[in-house]
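A.B. asks: Pasting a structure below so you can have a look.
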Amino acid sequence: MSLTPLLDGPDLREGAEPAARHLARLGPSLLSGPELIDALDQSDLRGRGGAGFPVGRKWRSVAGRQGPRALIANGAEGEPLSFKDRLLMQARPHLVLDGAVLAAGAVGAEQIVLYIGREHSAAADAMLHALAERPATERARIRISRAPVAYVSGEETAAVQFVNRGVALPMSVPPRPFEAGVGGRPTLVQNVESLAAAALIARRGGAWYRSSGTLLVTVTGAVARPGVVETPLGTPVAEVVERAGGHPGSVQALLLGGYFGGWVAADEAWDLPLHPERLRGTGHALGCGVVAPLPADRCGVAETARIVSYLAGQSAGQCGPCVFGLGAIAETLRRIAVGRSRPDDLARLDRWSAELPGRGACRHPDGGAGLVRSALGVFADDFAHHLARRGCAAARPLTAGVA
Ligand SMILES: Cc1cc2nc3c(=O)[nH]c(=O)nc-3n(C[C@H](O)[C@H](O)[C@H](O)COP(=O)(O)O)c2cc1C
Ligand code: SF4
């Protein structure tokens, strides 16, 4: 059996796999409905959009509701470091569609929305083309919606709002999408990689996935061949970096999980297992599966300041703690990075990043705060250098606008 079941098949450069080839290669789904949900529980498949919630439990929460229901297949992929969702949709659109149709069947959803980032045109074209190959009864229930280009567009309540009102802004919860989402219907929002994995479980079973399941990892940053690697769950970080051609120079830290994840010192990172639960047990998170080494000659403070400034700029502007909290953290980080820190800046960062999580309507501020907390530990020496009111070459582009 293939070691790369998600991306197995024709060479990725050949583009989207046609329906007939997909079916001939993988065969029909053997499990559906409640049996498939049981298999998902057994598989321990976790969501691949970032939060890592158990997929079987999520399907059950929608399946148990009354009345018409809906499904959003989340392919917004707004995370700037992630490429895996668009690659999957581009190369294996029928696997994603199989997952969406099976999920809709299992949770009782009549309507399926493929929510694809507006910037991911090749992925949307592949999905559209694949849809045309599906039976008319399926096509009638499925539509494509193009997510606006913004970090928060892929947040689940923002996706629901966009489908309902054309505005991709997160809403405060409750109600959560599984209670009232698309058109007020209980709605399952599931990442496209999670759906593709469910489509494989429908063919091979939960026990197979538990022992032989894989995940897509975007390996980027200081590696020879940035790209998407499919690898068995639990693969050590060092191995996926090697599969991306290795890192040309010395590495001081790695960003794990994307902008929503955290920094890990290189010494600790290499042996960490890329497995949602085992990684969580080490105090780190898989997030959306990004692994990005930072070279030794780059400044961790400047890099963190750059990312948090980006995240602050991507706030949906609806909640005070997010707008002002992330903004203040970004401003303080920039000040420190360019060597113009003020007394107590470090204490402020420490306090604010501890207080911010959970204070917004969505988890956007939590991601930025977590990143800062990891930076304070991993880049303690860089912080000490900058707090002595010294800048560095890497921080120069951040100087504009710093008082
Ligand atoms: C700010 C923000 C942005 C998000 N962007 C995405 C995204 O682009 N794609 C995605 O699948 N999930 C994204 N999520 C997670 C979704 O809210 C949701 O948890 C996910 O789509 C559920 O699918 P999963 O359980 O299969 O991961 C984001 C969450 C937050 C807080
Ligand atoms: S926490 Fe931030 S991103 Fe989320 S809804 Fe509030 S302002 Fe928007």
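Ordered as shown in the structure tokens, chains take letters A, B, and onward, while each chain numbers its residues from 1 and ligands are numbered from 1 in the order shown.
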So which residues are near ligand 1, meaning at most 9 Å away with only C-alpha atoms and all ligand atoms counted, given back as number ranges by chain?
C.D. replies: A: 46-55, 58, 72-79, 85, 116-117, 150-159, 170, 188-195, 260, 287-288, 311, 314-315, 362-367
A.B. asks: Would you list the contacts of Gly64 (chain A) as a list of chain:residue names, taking every protein, DNA or RNA residue within 10 Å and counting only C-alpha atoms, but skipping same-chain residues closer than 6 positions in sequence?
C.D. replies: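 Neighbouring residues, sequence-local ones excluded: A:Val107, A:Gly108, A:Phe178, A:Pro186.
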A.B. asks: Would you put the residues from that selection into a file with N, CA and C atoms, as a short mmCIF file (atom, residue, chain, number, x, y, z; two decimals), in the first residue's frame?
C.D. replies:
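Okay, again-v7.cif is ready:
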```cif
data_model
loop_
_atom_site.label_atom_id
_atom_site.label_comp_id
_atom_site.auth_asym_id
_atom_site.auth_seq_id
_atom_site.Cartn_x
_atom_site.Cartn_y
_atom_site.Cartn_z
N VAL A 107 -23.33 13.55 7.81
CA VAL A 107 -23.90 14.52 8.78
C VAL A 107 -25.28 15.01 8.37
N GLY A 108 -25.76 14.56 7.18
CA GLY A 108 -27.09 14.97 6.73
C GLY A 108 -27.10 16.36 6.10
N PHE A 178 -21.77 24.68 13.99
CA PHE A 178 -22.46 23.39 14.06
C PHE A 178 -23.88 23.54 14.63
N PRO A 186 -27.40 24.00 10.83
CA PRO A 186 -26.21 23.41 11.44
C PRO A 186 -25.19 23.08 10.34
#
```
A.B. asks: Write out as a ChimeraX atom specification the residues lying within 10 Å of Ala122 (chain A), counting only C-alpha atoms and excluding same-chain residues fewer than 4 positions away.
C.D. replies: /A:15-16,86-87,89-91,126-128
A.B. asks: Give me, as a count of residues only, all polymer residues having an atom no more than 9 Å from Gly368 (chain A), counting only C-alpha atoms and skipping those fewer than 3 positions away in the same chain.
C.D. replies: 16
A.B. asks: Could you go through region 17-224 of chain A and tell me which residues DSSP, when run on the backbone, assigns to helix (DSSP H, G or I), listing them as number ranges by chain?
C.D. replies: A: 19-26, 33-43, 55-63, 84-91, 93-107, 121-132, 136-139, 151-154, 156-165, 182-184, 192-204, 206-212
A.B. asks: Would you return as an NGL selection string the members of region 77-142 of chain A that DSSP assigns to strand (DSSP E or B) on this structure's backbone?
C.D. replies: :A and (109-117 or 142)
A.B. asks: Between A:Ala380, A:Val323, A:Leu349, A:Leu333, which residue has the minimum interatomic distance to ligand 2, considering only C-alpha atoms and all ligand atoms?
C.D. replies: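 Checking each candidate against ligand 2, we get A:Val323 as the closest.
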A.B. asks: Please determine, counting only C-alpha atoms, which residue among A:Pro293, A:Gly205, A:Gly313, A:Gly9 has the shortest atom-to-atom distance to Asp44 (chain A).
C.D. replies: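 Smallest distance to Asp44 (chain A) is found for A:Gly205.
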A.B. asks: CA of Ala106 (chain A) to CA of Leu71 (chain A): how many Å, to one decimal?
C.D. replies: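 Those two atoms sit 10.7 Å apart.
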A.B. asks: Between A:Glu303, A:Glu230, A:Ala168, A:Ala330, single out the one closest to ligand 2, counting only C-alpha atoms and all ligand atoms.
C.D. replies: A:Ala168
A.B. asks: Could you give me, as a PyMOL selection string, the residues within 12 Å of Arg351 (chain A), counting only C-alpha atoms and dropping anything in the same chain fewer than 3 positions from it?
C.D. replies: chain A and resi 325+328-329+344-348+354-357+369+372-373+376
A.B. asks: Just to be explicit: take each residue in the selection above, keep N, CA and C atoms, and write the result as an mmCIF file, in the first residue's frame.
C.D. replies:
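In the end it all went to selection30.cif:
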```cif
data_model
loop_
_atom_site.group_PDB
_atom_site.id
_atom_site.type_symbol
_atom_site.label_atom_id
_atom_site.label_comp_id
_atom_site.auth_asym_id
_atom_site.auth_seq_id
_atom_site.Cartn_x
_atom_site.Cartn_y
_atom_site.Cartn_z
ATOM 1 N N GLY A 325 -4.678 45.205 21.352
ATOM 2 C CA GLY A 325 -3.703 44.298 21.966
ATOM 3 C C GLY A 325 -2.650 43.850 20.962
ATOM 4 N N ALA A 328 -0.581 46.854 19.853
ATOM 5 C CA ALA A 328 0.400 47.307 20.853
ATOM 6 C C ALA A 328 1.581 46.334 20.925
ATOM 7 N N ILE A 329 1.291 45.050 20.825
ATOM 8 C CA ILE A 329 2.379 44.056 20.863
ATOM 9 C C ILE A 329 3.280 44.242 19.639
ATOM 10 N N ASP A 344 10.640 48.599 30.611
ATOM 11 C CA ASP A 344 9.453 47.757 30.821
ATOM 12 C C ASP A 344 8.855 47.164 29.552
ATOM 13 N N ASP A 345 9.462 47.403 28.385
ATOM 14 C CA ASP A 345 8.888 46.830 27.155
ATOM 15 C C ASP A 345 8.800 45.308 27.245
ATOM 16 N N LEU A 346 9.842 44.698 27.790
ATOM 17 C CA LEU A 346 9.845 43.235 27.863
ATOM 18 C C LEU A 346 8.733 42.741 28.797
ATOM 19 N N ALA A 347 8.605 43.420 29.943
ATOM 20 C CA ALA A 347 7.563 43.032 30.908
ATOM 21 C C ALA A 347 6.188 43.214 30.277
ATOM 22 N N ARG A 348 6.045 44.294 29.506
ATOM 23 C CA ARG A 348 4.763 44.543 28.832
ATOM 24 C C ARG A 348 4.426 43.421 27.856
ATOM 25 N N ALA A 354 0.330 37.140 27.599
ATOM 26 C CA ALA A 354 -0.347 36.175 28.482
ATOM 27 C C ALA A 354 -1.824 36.522 28.620
ATOM 28 N N GLU A 355 -2.150 37.832 28.551
ATOM 29 C CA GLU A 355 -3.544 38.255 28.795
ATOM 30 C C GLU A 355 -4.429 38.174 27.565
ATOM 31 N N LEU A 356 -3.832 38.259 26.374
ATOM 32 C CA LEU A 356 -4.621 38.398 25.144
ATOM 33 C C LEU A 356 -5.443 37.161 24.735
ATOM 34 N N PRO A 357 -4.879 35.928 24.855
ATOM 35 C CA PRO A 357 -5.643 34.774 24.376
ATOM 36 C C PRO A 357 -7.045 34.695 24.979
ATOM 37 N N ALA A 369 -0.348 36.064 20.013
ATOM 38 C CA ALA A 369 0.146 36.065 21.399
ATOM 39 C C ALA A 369 1.022 34.835 21.650
ATOM 40 N N VAL A 372 4.463 35.216 20.162
ATOM 41 C CA VAL A 372 5.328 36.098 20.954
ATOM 42 C C VAL A 372 5.858 35.367 22.177
ATOM 43 N N ARG A 373 5.002 34.600 22.834
ATOM 44 C CA ARG A 373 5.460 33.889 24.038
ATOM 45 C C ARG A 373 6.574 32.903 23.683
ATOM 46 N N LEU A 376 9.814 34.906 23.097
ATOM 47 C CA LEU A 376 10.471 35.414 24.310
ATOM 48 C C LEU A 376 11.399 34.352 24.900
#
```
A.B. asks: Report as a PyMOL selection string all protein, DNA and RNA residues lying within 8 Å of His22 (chain A), evaluated on only C-alpha atoms, omitting residues in the same chain fewer than 3 positions from it.
C.D. replies: chain A and resi 9+17-19+25-27+94-95
A.B. asks: Mind writing the picked residues with N, CA and C atoms as a tab-separated table (two decimals), in the first residue's frame?
C.D. replies:
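Result went into result17.tsv, see below:
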```
chain	number	residue	atom	x	y	z
A	9	GLY	N	-0.36	8.77	-7.03
A	9	GLY	CA	-1.04	8.90	-8.31
A	9	GLY	C	-0.16	9.58	-9.32
A	17	GLU	N	-5.85	15.07	-11.29
A	17	GLU	CA	-6.13	13.68	-11.69
A	17	GLU	C	-7.58	13.56	-12.15
A	18	PRO	N	-7.82	13.05	-13.36
A	18	PRO	CA	-9.21	12.92	-13.83
A	18	PRO	C	-9.99	11.90	-13.02
A	19	ALA	N	-11.32	12.00	-13.10
A	19	ALA	CA	-12.21	11.15	-12.28
A	19	ALA	C	-11.95	9.66	-12.52
A	25	ARG	N	-7.71	4.01	-9.52
A	25	ARG	CA	-6.56	3.91	-8.59
A	25	ARG	C	-7.02	3.55	-7.18
A	26	LEU	N	-8.06	4.24	-6.70
A	26	LEU	CA	-8.44	4.07	-5.29
A	26	LEU	C	-9.65	3.16	-5.08
A	27	GLY	N	-10.43	2.95	-6.12
A	27	GLY	CA	-11.64	2.14	-5.94
A	27	GLY	C	-12.71	2.95	-5.22
A	94	HIS	N	-10.62	15.12	-6.86
A	94	HIS	CA	-11.68	14.14	-6.61
A	94	HIS	C	-11.59	13.53	-5.21
A	95	LEU	N	-10.39	13.49	-4.65
A	95	LEU	CA	-10.27	13.00	-3.29
A	95	LEU	C	-10.95	13.97	-2.33
```
A.B. asks: Which of these residues is nearest to Ala198 (chain A), using only C-alpha atoms: A:Cys322, A:Val219, A:Val113, A:Ile37?
C.D. replies: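 Comparing A:Cys322, A:Val219, A:Val113, A:Ile37 against Ala198 (chain A), the winner is A:Ile37.
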A.B. asks: Taking only C-alpha atoms and all ligand atoms into account, which of A:Glu242, A:Pro177, A:Gly377, A:Leu169 comes nearest ligand 2?
C.D. replies: A:Leu169
A.B. asks: Which residues are close to region 294-298 of chain A, i.e. within 8 Å by only C-alpha atoms, leaving aside same-chain residues fewer than 5 positions away? Reply as number ranges by chain.
C.D. replies: A: 221-222, 249-255, 303, 394
A.B. asks: Could you take the residues named above and write them with C-alpha atoms, as a compact mmCIF listing (two decimals), in the first residue's frame?
C.D. replies:
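Done, and the output landed in again00.txt:
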```txt
# COMPACT_ATOMS: atom_id res chain seq x y z
CA GLY A 221 12.09 29.01 4.91
CA ALA A 222 15.76 28.01 4.94
CA GLY A 249 23.44 26.66 6.57
CA SER A 250 23.08 26.48 10.29
CA VAL A 251 19.59 26.86 11.76
CA GLN A 252 18.82 28.53 15.09
CA ALA A 253 15.08 27.86 15.38
CA LEU A 254 12.07 26.56 13.45
CA LEU A 255 8.61 27.99 13.13
CA GLU A 303 11.27 38.07 12.26
CA ALA A 394 17.45 42.43 9.75
```
A.B. asks: So how many Å separate CA of Gly327 (chain A) and CA of Arg176 (chain A), to one decimal?
C.D. replies: 27.0 Å
A.B. asks: For a quick check of understanding, using only C-alpha atoms and all ligand atoms, which of A:Met171, A:Val228, A:Ala197, A:Ala202 has the smallest distance to ligand 2?
C.D. replies: A:Met171
